[in-house]
file final_21.txt (compact mmCIF, C-alpha atoms and all ligand atoms)
# COMPACT_ATOMS: atom_id res chain seq x y z
CA MET L 1 3.38 25.71 41.56
CA ASN L 2 0.29 25.38 39.37
CA ASP L 3 0.32 26.20 35.67
CA THR L 4 -2.43 27.83 33.58
CA PHE L 5 -4.08 24.46 33.05
CA GLY L 6 -4.21 23.53 36.74
CA ARG L 7 -1.31 21.08 36.64
CA THR L 8 1.09 21.00 39.58
CA VAL L 9 4.63 21.50 38.30
CA ASP L 10 7.22 20.32 40.81
CA TYR L 11 9.72 18.36 38.72
CA LEU L 12 12.79 19.89 37.05
CA ARG L 13 14.95 17.91 34.65
CA ILE L 14 18.36 19.43 34.19
CA SER L 15 20.69 18.74 31.28
CA ILE L 16 24.17 19.25 32.69
CA THR L 17 25.97 18.69 29.39
CA ASP L 18 25.21 18.17 25.71
CA ARG L 19 28.22 15.84 25.42
CA CYS L 20 27.84 12.08 25.32
CA ASN L 21 29.97 8.96 25.10
CA GLU L 22 27.38 7.18 22.94
CA ARG L 23 25.71 7.97 19.63
CA CYS L 24 22.14 6.72 19.78
CA LEU L 25 20.42 6.59 16.42
CA TYR L 26 17.39 8.52 17.68
CA CYS L 27 19.27 11.10 19.73
CA MET L 28 22.74 12.06 18.56
CA PRO L 29 23.76 10.89 15.13
CA GLU L 30 27.30 9.80 14.29
CA GLY L 31 29.26 12.76 12.96
CA TYR L 32 27.15 15.26 14.91
CA LYS L 33 28.96 18.61 15.04
CA GLY L 34 26.58 21.05 16.68
CA TRP L 35 28.27 21.10 20.09
CA GLU L 36 27.60 23.96 22.43
CA ARG L 37 30.53 25.97 23.75
CA ARG L 38 31.58 24.76 27.18
CA GLN L 39 31.57 28.30 28.55
CA ASP L 40 27.87 28.44 27.69
CA HIS L 41 27.11 25.49 29.95
CA LEU L 42 26.02 26.29 33.46
CA THR L 43 28.73 25.75 36.06
CA ALA L 44 28.15 23.51 39.08
CA ASP L 45 27.54 26.60 41.25
CA GLU L 46 25.04 28.01 38.75
CA ILE L 47 23.15 24.71 38.59
CA ILE L 48 23.04 24.50 42.37
CA ARG L 49 21.77 28.07 42.63
CA ALA L 50 19.09 27.43 40.02
CA VAL L 51 17.99 24.36 41.99
CA ARG L 52 17.84 26.37 45.21
CA VAL L 53 15.59 28.97 43.60
CA ALA L 54 13.41 26.27 42.02
CA ALA L 55 13.09 24.51 45.39
CA GLU L 56 12.03 27.78 47.05
CA LEU L 57 9.29 28.05 44.44
CA GLY L 58 8.02 24.54 45.11
CA PHE L 59 10.00 22.18 42.87
CA ARG L 60 10.63 18.97 44.83
CA LYS L 61 11.98 16.44 42.33
CA PHE L 62 15.06 16.96 40.24
CA ARG L 63 16.76 14.84 37.62
CA LEU L 64 20.24 15.25 36.22
CA THR L 65 20.43 14.24 32.61
CA GLY L 66 21.99 15.31 29.34
CA GLY L 67 23.69 14.32 27.10
CA GLU L 68 25.38 11.87 29.35
CA PRO L 69 25.62 13.40 32.83
CA LEU L 70 28.39 11.04 33.93
CA VAL L 71 30.86 12.51 31.44
CA ARG L 72 30.81 15.71 33.47
CA GLY L 73 33.71 15.61 35.95
CA ASP L 74 31.91 17.62 38.64
CA ILE L 75 28.74 15.50 38.81
CA LEU L 76 29.38 14.50 42.45
CA GLU L 77 29.90 18.12 43.43
CA ILE L 78 26.58 19.02 41.78
CA VAL L 79 24.71 16.24 43.59
CA GLN L 80 26.32 17.11 46.94
CA GLY L 81 25.37 20.77 46.51
CA MET L 82 21.78 19.91 45.59
CA ARG L 83 21.46 17.52 48.52
CA LYS L 84 22.04 20.33 51.00
CA ILE L 85 19.11 22.40 49.67
CA SER L 86 15.97 22.32 51.75
CA GLY L 87 12.95 21.31 49.67
CA VAL L 88 14.94 19.01 47.38
CA GLU L 89 13.17 15.70 48.01
CA VAL L 90 14.34 13.53 45.14
CA ILE L 91 17.50 13.69 43.07
CA GLY L 92 17.29 11.36 40.09
CA LEU L 93 19.83 10.60 37.43
CA SER L 94 19.33 9.47 33.83
CA THR L 95 22.34 7.71 32.37
CA ASN L 96 23.34 5.38 29.59
CA GLY L 97 25.21 3.41 32.25
CA ILE L 98 28.54 3.22 30.41
CA LYS L 99 30.43 4.90 33.28
CA LEU L 100 28.12 3.86 36.07
CA ALA L 101 30.02 0.85 37.39
CA GLY L 102 32.69 3.09 38.94
CA LEU L 103 30.35 5.91 39.94
CA ALA L 104 27.24 4.23 41.34
CA GLN L 105 28.38 4.11 44.97
CA PRO L 106 29.87 7.64 45.05
CA LEU L 107 26.66 8.96 43.45
CA ARG L 108 24.57 7.16 46.04
CA ASP L 109 26.78 8.44 48.85
CA ALA L 110 26.54 11.99 47.47
CA GLY L 111 22.75 11.83 47.82
CA THR L 112 21.33 10.56 44.53
CA ASN L 113 18.02 8.80 45.15
CA THR L 114 17.08 7.16 41.88
CA VAL L 115 18.67 6.05 38.62
CA ASN L 116 17.09 5.59 35.19
CA LEU L 117 19.24 3.56 32.84
CA SER L 118 18.84 3.41 29.10
CA LEU L 119 18.96 -0.11 27.71
CA ASP L 120 17.65 -0.48 24.16
CA ALA L 121 18.93 -4.01 23.52
CA LEU L 122 20.74 -6.86 25.27
CA ASP L 123 22.33 -8.39 22.21
CA PRO L 124 25.78 -6.72 22.03
CA ARG L 125 25.55 -6.34 18.26
CA VAL L 126 22.12 -4.70 18.31
CA TYR L 127 23.11 -2.55 21.28
CA ARG L 128 26.15 -1.30 19.39
CA GLN L 129 24.09 -0.69 16.26
CA VAL L 130 21.66 1.51 18.23
CA THR L 131 24.07 3.34 20.55
CA GLY L 132 27.62 2.76 19.32
CA GLY L 133 28.50 1.49 22.82
CA ASP L 134 29.33 -1.69 24.72
CA VAL L 135 26.37 -3.35 26.43
CA ASN L 136 28.64 -5.20 28.86
CA ALA L 137 29.71 -1.90 30.42
CA VAL L 138 26.04 -0.99 30.86
CA ILE L 139 25.22 -4.32 32.47
CA ALA L 140 28.12 -3.82 34.88
CA GLY L 141 26.65 -0.38 35.59
CA ILE L 142 23.21 -1.85 36.28
CA ARG L 143 24.68 -4.37 38.71
CA ALA L 144 26.63 -1.63 40.47
CA ALA L 145 23.51 0.54 40.72
CA VAL L 146 21.53 -2.30 42.27
CA ALA L 147 24.37 -3.01 44.73
CA ALA L 148 24.69 0.68 45.67
CA GLY L 149 21.17 0.64 47.14
CA PHE L 150 19.43 3.48 45.28
CA ASP L 151 15.76 3.93 46.21
CA ARG L 152 14.91 2.84 42.69
CA VAL L 153 16.65 1.73 39.51
CA LYS L 154 14.58 1.72 36.33
CA LEU L 155 15.33 0.65 32.76
CA ASN L 156 14.32 2.69 29.70
CA CYS L 157 14.08 1.39 26.16
CA VAL L 158 13.16 3.44 23.07
CA LEU L 159 11.04 1.45 20.61
CA MET L 160 12.21 1.25 17.01
CA ARG L 161 10.51 -0.93 14.46
CA GLY L 162 12.93 -3.13 12.59
CA VAL L 163 15.76 -2.29 14.98
CA ASN L 164 15.04 -3.55 18.49
CA GLU L 165 11.65 -5.32 18.28
CA GLN L 166 13.39 -8.67 18.69
CA GLU L 167 15.09 -7.41 21.83
CA LEU L 168 11.91 -6.57 23.69
CA TRP L 169 11.19 -10.03 25.06
CA PRO L 170 14.81 -10.59 26.24
CA LEU L 171 14.61 -7.15 27.90
CA VAL L 172 11.40 -8.14 29.67
CA LEU L 173 13.06 -11.32 30.97
CA PHE L 174 16.14 -9.35 32.07
CA ALA L 175 13.96 -6.82 33.90
CA ALA L 176 12.04 -9.61 35.63
CA GLU L 177 15.22 -11.44 36.62
CA HIS L 178 16.71 -8.30 38.17
CA ARG L 179 13.37 -7.06 39.53
CA LEU L 180 13.73 -3.73 37.75
CA PRO L 181 10.81 -1.85 36.18
CA LEU L 182 11.19 -1.52 32.41
CA ARG L 183 9.74 1.44 30.52
CA LEU L 184 9.11 1.14 26.80
CA ILE L 185 9.10 4.56 25.18
CA GLU L 186 7.70 5.66 21.83
CA LEU L 187 10.17 7.33 19.53
CA MET L 188 9.79 11.11 19.48
CA PRO L 189 10.94 13.53 16.76
CA LEU L 190 13.91 14.94 18.65
CA THR L 191 17.32 16.15 17.45
CA ARG L 192 16.85 15.13 13.81
CA THR L 193 13.98 15.48 11.43
CA ASP L 194 14.45 12.05 9.92
CA VAL L 195 14.48 10.16 13.21
CA LEU L 196 10.79 9.50 13.23
CA THR L 197 9.29 7.97 10.12
CA GLU L 198 6.26 5.81 9.56
CA LYS L 199 8.71 2.98 8.90
CA ASN L 200 10.55 3.03 12.22
CA PHE L 201 7.79 4.20 14.57
CA LEU L 202 6.59 1.38 16.80
CA PRO L 203 3.52 2.37 18.85
CA VAL L 204 3.17 1.11 22.42
CA GLY L 205 -0.24 -0.39 21.55
CA GLU L 206 1.42 -2.76 19.09
CA VAL L 207 4.11 -3.69 21.59
CA MET L 208 1.45 -4.48 24.17
CA ARG L 209 -0.17 -6.85 21.70
CA LEU L 210 3.22 -8.45 20.92
CA LEU L 211 4.03 -9.00 24.59
CA GLY L 212 0.45 -10.13 25.19
CA GLN L 213 1.09 -13.09 22.85
CA ARG L 214 3.71 -14.37 25.32
CA ASP L 215 2.29 -13.40 28.69
CA GLU L 216 -0.79 -11.87 30.26
CA LEU L 217 -0.59 -8.12 30.85
CA ILE L 218 -2.37 -7.11 34.03
CA PRO L 219 -2.97 -3.33 34.28
CA GLN L 220 -1.57 -1.70 37.41
CA PRO L 221 -3.42 1.63 37.45
CA GLU L 222 -2.25 2.43 40.98
CA VAL L 223 1.41 1.81 40.24
CA LYS L 224 3.29 5.08 40.06
CA ILE L 225 7.03 4.59 39.79
CA GLY L 226 8.82 7.88 39.79
CA HIS L 227 7.29 11.02 38.35
CA GLY L 228 6.85 10.10 34.71
CA PRO L 229 3.85 9.39 32.48
CA ALA L 230 4.24 5.60 32.07
CA LYS L 231 1.23 3.27 32.37
CA TYR L 232 2.33 0.10 34.15
CA TYR L 233 1.38 -3.54 33.59
CA LEU L 234 2.44 -6.64 35.46
CA LEU L 235 3.32 -9.59 33.23
CA LYS L 236 1.67 -12.49 34.98
CA GLN L 237 4.10 -15.34 34.21
CA THR L 238 7.41 -13.54 34.13
CA GLY L 239 6.60 -11.11 36.97
CA ALA L 240 8.08 -8.19 35.00
CA LEU L 241 6.69 -4.74 35.65
CA VAL L 242 6.53 -2.92 32.32
CA GLY L 243 5.59 0.72 31.81
CA PHE L 244 4.44 2.05 28.45
CA VAL L 245 5.19 5.65 27.51
CA GLY L 246 2.93 6.51 24.58
CA ALA L 247 4.21 10.03 24.02
CA LEU L 248 2.64 10.18 20.56
CA THR L 249 -0.27 7.74 20.59
CA ASN L 250 -1.65 8.52 24.07
CA LEU L 251 -3.76 11.63 23.51
CA GLN L 252 -4.02 12.26 27.27
CA PHE L 253 -0.24 12.17 27.62
CA CYS L 254 0.16 15.84 28.59
CA GLU L 255 -2.76 16.06 31.02
CA SER L 256 -0.70 15.11 34.02
CA CYS L 257 2.58 16.75 32.96
CA ASN L 258 4.41 17.92 36.07
CA LYS L 259 7.77 18.97 34.65
CA MET L 260 9.92 21.67 33.18
CA ARG L 261 13.47 21.44 31.91
CA LEU L 262 16.65 23.41 32.36
CA THR L 263 18.89 23.12 29.31
CA ALA L 264 22.65 22.68 29.47
CA ASP L 265 23.10 26.33 28.48
CA GLY L 266 20.72 27.60 31.10
CA LYS L 267 17.35 28.00 29.38
CA ILE L 268 14.18 27.05 31.21
CA ARG L 269 12.15 24.95 28.80
CA PRO L 270 8.53 24.49 29.87
CA CYS L 271 7.81 21.66 27.39
CA LEU L 272 10.05 19.20 25.54
CA GLY L 273 7.85 19.33 22.44
CA ASN L 274 7.55 23.11 22.15
CA HIS L 275 10.34 25.52 21.24
CA GLY L 276 9.51 28.09 23.94
CA GLU L 277 12.46 28.79 26.28
CA ILE L 278 13.34 31.41 28.88
CA ASP L 279 16.96 32.35 29.44
CA LEU L 280 18.05 31.90 33.04
CA ARG L 281 21.81 32.01 32.42
CA GLU L 282 22.11 35.75 31.91
CA ALA L 283 20.29 36.36 35.19
CA LEU L 284 22.45 33.75 36.95
CA ARG L 285 25.59 35.46 35.69
CA HIS L 286 24.58 39.08 36.20
CA HIS L 287 22.36 39.23 39.28
CA SER L 288 23.46 38.29 42.77
CA ASP L 289 19.88 38.73 43.97
CA ASP L 290 17.57 35.73 43.32
CA THR L 291 14.44 37.78 42.63
CA PRO L 292 14.94 37.93 38.82
CA LEU L 293 15.56 34.18 38.79
CA ARG L 294 12.28 33.53 40.58
CA GLN L 295 10.47 35.77 38.10
CA LEU L 296 11.94 33.85 35.17
CA PHE L 297 10.77 30.51 36.58
CA LEU L 298 7.28 31.96 37.07
CA GLU L 299 7.27 33.34 33.53
CA ALA L 300 8.25 29.89 32.22
CA LEU L 301 5.39 28.39 34.21
CA ARG L 302 2.96 30.82 32.58
CA LEU L 303 4.32 29.82 29.16
CA LYS L 304 3.89 26.08 29.73
CA PRO L 305 1.64 24.93 26.87
CA GLN L 306 -1.32 22.61 27.25
CA GLU L 307 0.32 19.90 25.14
CA HIS L 308 3.35 19.08 23.03
CA GLN L 309 3.49 19.65 19.26
CA PHE L 310 4.99 16.28 18.32
CA ARG L 311 1.88 15.31 16.36
CA ASP L 312 1.97 18.58 14.36
CA LEU L 313 4.97 18.10 12.06
CA TYR L 314 7.22 19.35 14.86
CA GLN L 315 10.71 20.18 13.57
CA PRO L 316 13.44 19.86 16.19
CA LEU L 317 15.67 22.94 16.46
CA ARG L 318 17.98 21.88 19.27
CA PRO L 319 19.40 18.43 19.98
CA MET L 320 17.76 16.39 22.70
CA THR L 321 21.09 16.19 24.48
CA ALA L 322 21.20 19.95 25.08
CA ILE L 323 17.54 20.13 26.12
CA GLY L 324 17.79 17.20 28.49
CA GLY L 325 16.04 13.88 27.99
N1 LIG L 401 22.37 9.81 28.25
C1 LIG L 401 21.34 9.47 29.17
C2 LIG L 401 20.53 8.30 28.69
O1 LIG L 401 20.70 7.90 27.55
O2 LIG L 401 19.73 7.78 29.47
C3 LIG L 401 20.42 10.62 29.54
C4 LIG L 401 19.98 11.51 28.42
S1 LIG L 401 18.94 10.75 27.23
C5 LIG L 401 18.66 12.08 26.09
C6 LIG L 401 17.45 10.56 28.17
C7 LIG L 401 16.39 9.67 27.58
O3 LIG L 401 15.92 10.24 26.40
C8 LIG L 401 16.89 8.28 27.25
O4 LIG L 401 16.08 7.32 27.90
C9 LIG L 401 16.72 8.22 25.77
O5 LIG L 401 16.45 6.94 25.36
C10 LIG L 401 15.59 9.20 25.52
N2 LIG L 401 15.54 9.68 24.14
C11 LIG L 401 16.50 10.30 23.44
N3 LIG L 401 16.08 10.58 22.18
C12 LIG L 401 14.81 10.12 22.10
C13 LIG L 401 13.82 10.09 21.06
N4 LIG L 401 14.08 10.59 19.85
N5 LIG L 401 12.62 9.56 21.34
C14 LIG L 401 12.35 9.04 22.56
N6 LIG L 401 13.22 9.03 23.58
C15 LIG L 401 14.44 9.55 23.36
FE1 LIG L 402 23.77 9.86 24.58
FE2 LIG L 402 21.60 9.32 26.04
FE3 LIG L 402 21.40 10.55 23.65
FE4 LIG L 402 22.10 8.04 23.71
S1 LIG L 402 20.13 8.86 24.43
S2 LIG L 402 23.12 9.64 22.49
S3 LIG L 402 23.26 7.90 25.54
S4 LIG L 402 22.34 11.34 25.46
call {"tool": "encode", "arguments": {"input": "final_21.txt", "output": "structure tokens"}}
result
Amino acid sequence: MNDTFGRTVDYLRISITDRCNERCLYCMPEGYKGWERRQDHLTADEIIRAVRVAAELGFRKFRLTGGEPLVRGDILEIVQGMRKISGVEVIGLSTNGIKLAGLAQPLRDAGTNTVNLSLDALDPRVYRQVTGGDVNAVIAGIRAAVAAGFDRVKLNCVLMRGVNEQELWPLVLFAAEHRLPLRLIELMPLTRTDVLTEKNFLPVGEVMRLLGQRDELIPQPEVKIGHGPAKYYLLKQTGALVGFVGALTNLQFCESCNKMRLTADGKIRPCLGNHGEIDLREALRHHSDDTPLRQLFLEALRLKPQEHQFRDLYQPLRPMTAIGG
């Protein structure tokens, strides 16, 4: 499917729950109360049907995310259902890793291809400060994911000045040791208005300079790991492969956007940084024929904006966890 700006859109990220077992500073603040009603979340059958329609239209890559997708008890059923759909080439999963140690192999066996793991710090104290969770559980999850033989396991770290700058070099060494690509992601104004301030924003350009003081960064323009917008560099001495996601400072960021989102409550969201959404849930619940569903996906494609509004005093209306990270 091509959008109005000539971009091929074939990647659907699906939030399967807005619930989470962590409380990351930049995503879901402690004391958060805005939970969606469970009956408003799409059921496993509804998600699988939406994926089937999307695959018929040309979507090929899918990612289950949230919230924390592994807190949903029917995650294996969802993956198994998606795996049977013709046209579904890649099923990815984004997780904080807390519950991954026990689920990595069943997820792999169910047909999951790739796993992205969030890891914002290695120091247990800093990790807990950022997420509220236990880094040792995540590290056990990473080991289990590597052992389970996914096509790819990738690490994601959100950059926060004054919070996890000191953790970046240990993370690079960890990524090199385990031969896992590490993506460093600029903070975006999601969920809360106060999450992104001049004080805590750490641009990828500055991080490249910081890492460049310790190792030589060799650009890898041909490296494309997954379907995201990261620009990869090989660190010459350590051998780490590090991707930089400059969502705010890279002005070409949206030019190659290939994705849309499906929110936990069944809205198609053409762009993370734009409030436009199209309701799919009503059609899923009230039409047995797929034609209206196809039309809604096509309408969402027409609505996909040229670029996000994060640089324009964007005010988040819905939490990131419901939209799907
Ligand atoms: N719970 C899973 C996890 O943490 O990986 C999946 C959902 S989470 C919302 C997906 C990704 O969004 C994570 O890599 C997280 O770090 C990122 N994220 C959340 N809030 C963000 C923000 N304000 N700016 C940048 N990235 C953010
Ligand atoms: Fe939960 Fe992931 Fe958001 Fe952290 S980033 S609060 S782990 S959904």
call {"tool": "closest_residue", "arguments": {"input": "final_21.txt", "among": "L:Glu46, L:Glu282, L:Glu186, L:Asp134", "to": "ligand LIG 401 (chain L)", "atoms": "all atoms listed in the file"}}
result
L:Glu186
call {"tool": "atom_distance", "arguments": {"input": "final_21.txt", "atom1": "CA of Gly81 in chain L", "atom2": "CA of Gly58 in chain L"}}
result
17.8 Å
call {"tool": "closest_residue", "arguments": {"input": "final_21.txt", "among": "L:Arg108, L:Lys224, L:Arg128, L:Lys231", "to": "ligand LIG 402 (chain L)", "atoms": "all atoms listed in the file"}}
result
L:Arg128
call {"tool": "closest_atom_pairs", "arguments": {"input": "final_21.txt", "of": "chain L", "to": "ligand LIG 402 (chain L)", "cutoff": "7 Å", "atoms": "only C-alpha atoms and all ligand atoms", "output": "Markdown table"}}
result
| residue | atom | partner | partner_atom | distance |
| --- | --- | --- | --- | --- |
| L:Cys20 | CA | L:LIG402 | FE1 | 4.7 |
| L:Asn21 | CA | L:LIG402 | FE1 | 6.3 |
| L:Glu22 | CA | L:LIG402 | FE1 | 4.8 |
| L:Arg23 | CA | L:LIG402 | S2 | 4.2 |
| L:Cys24 | CA | L:LIG402 | S2 | 4.1 |
| L:Cys27 | CA | L:LIG402 | FE3 | 4.5 |
| L:Met28 | CA | L:LIG402 | S2 | 4.6 |
| L:Gly66 | CA | L:LIG402 | S4 | 5.6 |
| L:Gly67 | CA | L:LIG402 | S4 | 3.7 |
| L:Glu68 | CA | L:LIG402 | S4 | 5.0 |
| L:Thr95 | CA | L:LIG402 | FE2 | 6.6 |
| L:Asn96 | CA | L:LIG402 | S3 | 4.8 |
| L:Thr131 | CA | L:LIG402 | FE4 | 6.0 |
| L:Met320 | CA | L:LIG402 | FE3 | 6.9 |
| L:Thr321 | CA | L:LIG402 | S4 | 5.1 |
call {"tool": "atom_distance", "arguments": {"input": "final_21.txt", "atom1": "CA of Lys236 in chain L", "atom2": "CA of Asn156 in chain L"}}
result
20.5 Å
call {"tool": "axis_aligned_box", "arguments": {"input": "final_21.txt", "around": "ligand LIG 401 (chain L)", "padding_each_side": "5 Å", "output": "lines of an AutoDock Vina configuration file"}}
result
center_x = 17.4
center_y = 9.5
center_z = 24.7
size_x = 20.0
size_y = 15.1
size_z = 19.7
call {"tool": "residues_around", "arguments": {"input": "final_21.txt", "residues": "Glu307 in chain L", "least_positions_apart": "3", "cutoff": "10 Å", "atoms": "only C-alpha atoms", "output": "compact mmCIF listing (two decimals) with C-alpha atoms, in the coordinates of the input"}}
result
# COMPACT_ATOMS: atom_id res chain seq x y z
CA LEU L 251 -3.76 11.63 23.51
CA GLN L 252 -4.02 12.26 27.27
CA PHE L 253 -0.24 12.17 27.62
CA CYS L 254 0.16 15.84 28.59
CA GLU L 255 -2.76 16.06 31.02
CA CYS L 257 2.58 16.75 32.96
CA CYS L 271 7.81 21.66 27.39
CA LEU L 272 10.05 19.20 25.54
CA GLY L 273 7.85 19.33 22.44
CA ASN L 274 7.55 23.11 22.15
CA LYS L 304 3.89 26.08 29.73
CA PHE L 310 4.99 16.28 18.32
call {"tool": "residues_around", "arguments": {"input": "final_21.txt", "residues": "Ala137 in chain L", "least_positions_apart": "6", "cutoff": "8 Å", "atoms": "all atoms listed in the file", "output": "ChimeraX atom specification"}}
result
/L:97-99,101
call {"tool": "residues_around", "arguments": {"input": "final_21.txt", "residues": "Gly226 in chain L", "least_positions_apart": "3", "cutoff": "10 Å", "atoms": "all atoms listed in the file", "output": "PyMOL selection string"}}
result
chain L and resi 61+90+92+114+116+152-154+223+229-230
call {"tool": "closest_residue", "arguments": {"input": "final_21.txt", "among": "L:His287, L:Arg49, L:Arg13, L:Arg179", "to": "ligand LIG 401 (chain L)", "atoms": "all atoms listed in the file"}}
result
L:Arg13
call {"tool": "residues_around", "arguments": {"input": "final_21.txt", "residues": "Gln220 in chain L", "least_positions_apart": "5", "cutoff": "12 Å", "atoms": "all atoms listed in the file", "output": "PyMOL selection string"}}
result
chain L and resi 225+230-236+240-244
call {"tool": "atom_distance", "arguments": {"input": "final_21.txt", "atom1": "CA of Glu165 in chain L", "atom2": "CA of Val71 in chain L"}}
result
29.3 Å
call {"tool": "closest_residue", "arguments": {"input": "final_21.txt", "among": "L:Ala55, L:Ala247, L:Ala121, L:Val135", "to": "ligand LIG 401 (chain L)", "atoms": "only C-alpha atoms and all ligand atoms"}}
result
L:Ala247
call {"tool": "closest_residue", "arguments": {"input": "final_21.txt", "among": "L:Glu56, L:Asp10, L:Asp120, L:Asp290", "to": "ligand LIG 401 (chain L)", "atoms": "only C-alpha atoms and all ligand atoms"}}
result
L:Asp120
call {"tool": "closest_residue", "arguments": {"input": "final_21.txt", "among": "L:Asn136, L:Thr263, L:Thr112, L:Asn258", "to": "ligand LIG 401 (chain L)", "atoms": "only C-alpha atoms and all ligand atoms"}}
result
L:Thr263
